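Reviewing the structure listed below.
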Amino acid sequence: METTVLPHLDQERIPHHIAIIMDGNGRWAKQQGNDRTYGHKYGVESVRSVLKTATKLGVKVLTLYTFSEENWNRPQEEVEALMGLLVSAIHKELDELKQNNVRLEALGNIDALPEEPKAALYQAIEETKQLTGCRLVLAINYSGRTELVQAARRLAGKNADEITEQTLADHFYLPDLPDPDLLIRTGGEYRISNFLLWQLAYTELYFTPTYWPDFGEAELYQAIRDYQGRQRRFGLTGDQVVKGTK
């Protein structure tokens with residue numbers, strides 16, 4: 001797949017920031033005759049493949065919706081399995097992240113995580129903070145609405161005319177995180193599920209029926225190829241974009 005698709009990618013128009021809602025692990029596992037945990041385990045392999053491909057293509061930021069605030073409402077057994085998988089994946093992948101100059105970051109209410117995954121995550125963030133390659137951002141215990149509410153609370157004491165888009169964004173979990181150029185959602189659903197509500201204002205959206213454990217290098221190429229076939233207008237007309245005003 002790489003040899004036929006790569007030549008058709010414009011290397012000057014690779015998305016700077018790709019965000020992914022990794023959906024379909026449970027349904028994929030059910031098709032295999034296994035429980036949902038089986039799907040989450042194999043989803044880690046897709047993370048590895050997509051990160052490797054994104055790094056090769058020069059993607060600067062890869063943000064993965066790993067665990068939402070709403071996910072705490074899932075069966076306790078599944079939640080515990082997800083937390084355990086997070087810990088094992090961090091320990092297993094940390095050396096490779098460092099070898100590939102990948103900086104790990106987290107987006108969400110990390111302090112509210114159970115002690116073991118919280119400690120593992122903070123350790124990995126600390127050990128990779130000086131790296132200068134691709135930023136791998138894990139959205140964990142994340143809610144777009146909560147992020148907005150917390151930013152608003154921090155601005156509550158300011159005069160109304162002091163509050164701008166920038167001052168609000170300055171109080172997000174990762175204020176320097178650029179808005180995604182491309183959002184990918186796997187699993188056949190057509191919604192953003194409380195993910196990066198502010199940051200997705202002008203993001204190109206790509207939905208695929210492919211379940212996350214089946215999403216890899218070829219599928220990422222296809223998503224980027226689709227993205228490159230679009231014209232990003234940011235509120236302008238197509239003629240203005242063509243003329244170079246945006």
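Identifiers in the structure tokens: chain A, B, ... in order shown; residue index from 1 per chain; ligand index from 1 in order shown.
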Could you write out, as a list in words, all the residues of stretch 124-243 of chain A that DSSP marks as strand (DSSP E)? Arg135, Leu136, Val137, Leu138, Ala139, Ile140, Asn141, Tyr142, Leu182, Leu183, Ile184, Arg185, Glu204, Leu205, Tyr206 and Phe207 of chain A
Selection: 8 Å around stretch 18-35 of chain A, only C-alpha atoms, excl. self and same-chain fewer than 5 positions, as a PyMOL selection string: chain A and resi 40+42-43+59+61-66+180-188+192+210-213
Would you write out, as JSON lines, a table of all residues in stretch 148-201 of chain A that have an atom no more than 12 Å from an atom of stretch 127-142 of chain A, listing for each the closest atom pair and the distance in Å to one decimal, considering only C-alpha atoms and ordering rows by chain and rising residue number?
```
{"residue": "A:Leu148", "atom": "CA", "partner": "A:Tyr142", "partner_atom": "CA", "distance": 11.2}
{"residue": "A:Phe172", "atom": "CA", "partner": "A:Tyr142", "partner_atom": "CA", "distance": 11.6}
{"residue": "A:Tyr173", "atom": "CA", "partner": "A:Tyr142", "partner_atom": "CA", "distance": 9.6}
{"residue": "A:Leu174", "atom": "CA", "partner": "A:Val137", "partner_atom": "CA", "distance": 9.6}
{"residue": "A:Asp176", "atom": "CA", "partner": "A:Arg135", "partner_atom": "CA", "distance": 11.6}
{"residue": "A:Leu177", "atom": "CA", "partner": "A:Val137", "partner_atom": "CA", "distance": 9.2}
{"residue": "A:Pro178", "atom": "CA", "partner": "A:Arg135", "partner_atom": "CA", "distance": 11.0}
{"residue": "A:Pro180", "atom": "CA", "partner": "A:Val137", "partner_atom": "CA", "distance": 11.7}
{"residue": "A:Ser193", "atom": "CA", "partner": "A:Tyr142", "partner_atom": "CA", "distance": 10.7}
{"residue": "A:Asn194", "atom": "CA", "partner": "A:Tyr142", "partner_atom": "CA", "distance": 8.6}
{"residue": "A:Phe195", "atom": "CA", "partner": "A:Tyr142", "partner_atom": "CA", "distance": 7.7}
{"residue": "A:Leu196", "atom": "CA", "partner": "A:Tyr142", "partner_atom": "CA", "distance": 9.0}
{"residue": "A:Leu197", "atom": "CA", "partner": "A:Tyr142", "partner_atom": "CA", "distance": 11.2}
```
Nearby residues (only C-alpha atoms) at most 10 Å from stretch 73-83 of chain A, same-chain spacing under 2 positions excluded, as a PDB file with C-alpha atoms, in the first residue's frame:
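What landed in around-v2.pdb:
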```
ATOM      1  CA  ASP A  35     -14.538  -9.656  25.212  1.00  0.00           C
ATOM      2  CA  ARG A  36     -13.952  -5.911  24.879  1.00  0.00           C
ATOM      3  CA  THR A  37     -10.607  -6.031  26.686  1.00  0.00           C
ATOM      4  CA  TYR A  38      -9.227  -8.121  23.842  1.00  0.00           C
ATOM      5  CA  HIS A  40      -8.354  -2.658  23.622  1.00  0.00           C
ATOM      6  CA  LYS A  41      -5.227  -4.801  23.773  1.00  0.00           C
ATOM      7  CA  THR A  66      -7.501   7.490  25.031  1.00  0.00           C
ATOM      8  CA  PHE A  67     -10.024   7.698  27.886  1.00  0.00           C
ATOM      9  CA  SER A  68     -12.857  10.189  28.339  1.00  0.00           C
ATOM     10  CA  GLU A  69     -14.495  11.329  31.572  1.00  0.00           C
ATOM     11  CA  GLU A  70     -17.610   9.481  30.401  1.00  0.00           C
ATOM     12  CA  ASN A  71     -15.643   6.217  30.150  1.00  0.00           C
ATOM     13  CA  LEU A  85      -3.287  -1.529  29.773  1.00  0.00           C
ATOM     14  CA  LEU A  86      -2.287   2.124  29.972  1.00  0.00           C
ATOM     15  CA  VAL A  87       0.362   1.368  32.578  1.00  0.00           C
ATOM     16  CA  SER A  88       1.797  -1.615  30.707  1.00  0.00           C
ATOM     17  CA  ALA A  89       1.824   0.236  27.390  1.00  0.00           C
ATOM     18  CA  LEU A 113      -6.428   9.090  37.743  1.00  0.00           C
ATOM     19  CA  PRO A 114      -5.685   6.096  39.992  1.00  0.00           C
ATOM     20  CA  GLU A 116      -0.429   3.696  39.349  1.00  0.00           C
ATOM     21  CA  PRO A 117      -1.417   5.012  35.888  1.00  0.00           C
ATOM     22  CA  LYS A 118      -0.945   8.587  37.102  1.00  0.00           C
TER      23      LYS A 118
END
```
Of A:Phe215, A:Asn100, A:Asp95, A:Thr167, the one sitting nearest A:Lys52 when using only C-alpha atoms is A:Asn100
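Among the candidates A:Leu57, A:Ala119, A:Ala151, A:Ala124, the residue lying nearest to A:Asp10 is A:Leu57 (atoms considered: only C-alpha atoms).
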Can you pull out the residues contacting A:Ser49? Cut-off 12 Å, using only C-alpha atoms, and skip same-chain residues under 2 positions away; I want them as a count of residues only. 22
Given only C-alpha atoms as the basis, pick out the residue of A:Leu9, A:His17, A:Lys92, A:Asp226 nearest to A:Arg48.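 Once distances to A:Arg48 are computed over only C-alpha atoms, the minimum belongs to A:Lys92.
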Taking the chain letters and numbering used in this document, name the residues of stretch 22-221 of chain A that DSSP puts in helix (DSSP H, G or I), as a ChimeraX atom specification. /A:25-31,36-57,69-73,76-99,110-112,115-128,144-154,160-162,165-169,212-214,217-221
Tell me, as a PyMOL selection string, which residues lie within 12 Å of A:Gly229, counting only C-alpha atoms; anything in the same chain fewer than 4 positions away does not count. chain A and resi 8-10+13-14+204+206+222-225
Minimum-distance residue to A:Lys98, chosen among A:Ala169, A:Ala156, A:Arg232, A:Glu126 (using only C-alpha atoms):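 Of all the options, A:Glu126 lies closest to A:Lys98.
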Could you work out how far atom CA of A:Glu147 lies from atom CA of A:His91, giving the answer in Å with one decimal?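 Between these atoms lies a distance of 27.8 Å.
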